[in-house]
Amino acid sequence: MSATLPRIPAGDSNYKGLHPRHRLIVALDVSTAATAQRIVAALGDSVLTYKVGMQLYTAEGPQVVRDLVASGRRVFLDLKYHDIPNTVGAAVAEAAKLGVSMLTVHSSGGSRMLRAAVESAKACPELIVLAVTVLTSMDDNDLEKIGIQGTVQDTVVRLAGIALGSGCQGVIASAREASALRSKLGEAFAIVTPGIRPAGGSDADQVRVVTPAEAIAAGASHIVVGRPITEAGDPGAEANAILKQISS
């Protein structure tokens, strides 16, 4: 399988021309490599990019990433690095060696940490560093409880500005904030949106959710979809249905 996940470099807004298959990222939020492999096989050529997060990576380690990359898939490594700059920089350097295409760091780690991540990622020119803004499971009340003043939208825009100013090529944010991000910060960065649920589906533990089509219309460059696809009776059919939604 041959796949290319186009990078979105600064000054380029070509995400608008991305093929739907380049926009869809399927989250392999499962506990075993065998389960992940069955999902990938069921999806075939419909999906090019897979998210490997904390659950699968903790269970199976880096080999699951190596296997996906070797099979021609692109990997979005979603480990949300958040530590001192030296530690995060070293972790990103190791992720780059695995051949991942995207990875996440927490924007709240601050500019020095973000710059350390970006600097380490330069070893792999195609690697996109994405900064997590506010988790899609949180709302205004949650922010208030942990001492953050202002709305979710205000916080997302502020943290995204710090991340982009530190060299990150994109952010993780709900599509509910995507329009504000585009309006205030421009077009030349990726917005990867989790919390995607097809119309009529369950929100589960997510709070700020939207449909696939709504996310793209709001300005998202990529969407991350997990359980609605991976737990479907026919994952391939569900993925193709979502591709049709974001095509239109």
# chains A, B, ... in the order shown; residues from 1 in each chain; ligands from 1
$ residues_around --residues "Ser166 (chain A)" --least-positions-apart "2" --cutoff "6 Å" --atoms "only C-alpha atoms" --output "PDB file with C-alpha atoms, in the first residue's frame"
ATOM      1  CA  SER A 111       6.975  27.794  24.638  1.00  0.00           C
ATOM      2  CA  ARG A 115      10.205  24.645  20.745  1.00  0.00           C
ATOM      3  CA  ALA A 163       1.889  26.774  19.922  1.00  0.00           C
ATOM      4  CA  LEU A 164       2.023  28.248  16.438  1.00  0.00           C
ATOM      5  CA  CYS A 168       4.156  23.844  15.836  1.00  0.00           C
TER       6      CYS A 168
END
$ select_by_dssp --residues "chain A" --states "strand (DSSP E)" --output "ChimeraX atom specification"
/A:24-27,49-53,74-81,102-106,128-132,170-172,190-193,222-225
$ residues_around --residues "Ile196 (chain A)" --least-positions-apart "4" --cutoff "7 Å" --atoms "only C-alpha atoms" --output "ChimeraX atom specification"
/A:209-212,223-225
$ closest_residue --among "A:Pro198, A:Ile172, A:Ser221, A:Thr136" --to "Lys244 (chain A)" --atoms "only C-alpha atoms"
A:Pro198
$ residues_around --residues "region 49-59 of chain A" --least-positions-apart "5" --cutoff "10 Å" --atoms "only C-alpha atoms" --output "PyMOL selection string"
chain A and resi 3-5+21-33+35-36+40+64-65+68-69+72-80+100-104+224-226
$ atom_distance --atom1 "CA of Ala160 (chain A)" --atom2 "CA of Ala123 (chain A)"
23.4 Å
$ select_by_dssp --residues "region 85-239 of chain A" --states "alpha helix (DSSP H)" --output "compact mmCIF listing (two decimals) with C-alpha atoms, in the first residue's frame"
# COMPACT_ATOMS: atom_id res chain seq x y z
CA PRO A 85 11.78 20.59 27.50
CA ASN A 86 14.72 18.17 27.52
CA THR A 87 12.51 15.15 28.17
CA VAL A 88 9.95 16.10 25.53
CA GLY A 89 12.65 16.84 22.98
CA ALA A 90 14.21 13.42 23.56
CA ALA A 91 10.83 11.68 23.27
CA VAL A 92 10.05 13.44 20.00
CA ALA A 93 13.45 12.42 18.63
CA GLU A 94 12.60 8.78 19.34
CA ALA A 95 9.16 9.15 17.77
CA ALA A 96 10.78 10.59 14.64
CA LYS A 97 12.95 7.47 14.38
CA LEU A 98 9.77 5.37 14.34
CA SER A 111 6.97 27.79 24.64
CA ARG A 112 10.32 26.29 25.66
CA MET A 113 8.87 22.79 25.72
CA LEU A 114 7.08 23.31 22.42
CA ARG A 115 10.20 24.64 20.74
CA ALA A 116 12.18 21.65 22.01
CA ALA A 117 9.64 19.34 20.40
CA VAL A 118 9.70 21.22 17.11
CA GLU A 119 13.50 21.26 17.03
CA SER A 120 13.72 17.50 17.57
CA ALA A 121 11.09 16.87 14.90
CA ASP A 140 -16.19 25.83 30.60
CA ASN A 141 -17.07 24.43 34.03
CA ASP A 142 -14.16 22.01 33.93
CA LEU A 143 -11.74 24.83 33.13
CA GLU A 144 -13.09 26.92 35.99
CA LYS A 145 -12.58 24.05 38.44
CA VAL A 152 -13.03 27.11 26.28
CA GLN A 153 -12.88 29.05 23.01
CA ASP A 154 -10.76 31.83 24.49
CA THR A 155 -8.40 29.27 26.02
CA VAL A 156 -8.11 27.27 22.81
CA VAL A 157 -7.25 30.35 20.76
CA ARG A 158 -4.71 31.57 23.33
CA LEU A 159 -2.95 28.20 23.59
CA ALA A 160 -3.00 27.73 19.81
CA GLY A 161 -1.34 31.11 19.37
CA ILE A 162 1.45 30.09 21.75
CA ALA A 163 1.89 26.77 19.92
CA LEU A 164 2.02 28.25 16.44
CA GLY A 165 4.36 30.98 17.64
CA ALA A 178 -12.14 25.75 14.44
CA SER A 179 -13.90 28.77 12.97
CA ALA A 180 -12.51 31.05 15.69
CA LEU A 181 -9.03 29.62 15.16
CA ARG A 182 -9.19 30.29 11.42
CA SER A 183 -10.60 33.77 11.96
CA LYS A 184 -7.98 34.82 14.52
CA LEU A 185 -4.90 32.83 13.49
CA PRO A 212 -17.70 14.94 10.21
CA ALA A 213 -19.21 17.37 7.71
CA GLU A 214 -19.58 20.09 10.34
CA ALA A 215 -15.92 19.74 11.30
CA ILE A 216 -14.66 20.18 7.75
CA ALA A 217 -17.02 23.09 7.12
CA ALA A 218 -15.76 24.79 10.27
CA ARG A 227 -15.44 4.03 18.02
CA PRO A 228 -18.06 4.95 15.39
CA ILE A 229 -15.82 3.17 12.86
CA THR A 230 -13.89 0.60 14.87
CA PRO A 235 -16.02 -0.70 9.69
CA GLY A 236 -15.27 -0.28 5.99
CA ALA A 237 -18.81 0.77 5.16
CA GLU A 238 -18.86 3.23 8.07
CA ALA A 239 -15.53 4.74 6.99
$ atom_distance --atom1 "CA of Ile148 (chain A)" --atom2 "CA of Ala173 (chain A)"
16.8 Å
$ atom_distance --atom1 "CA of Ile242 (chain A)" --atom2 "CA of Glu187 (chain A)"
23.8 Å
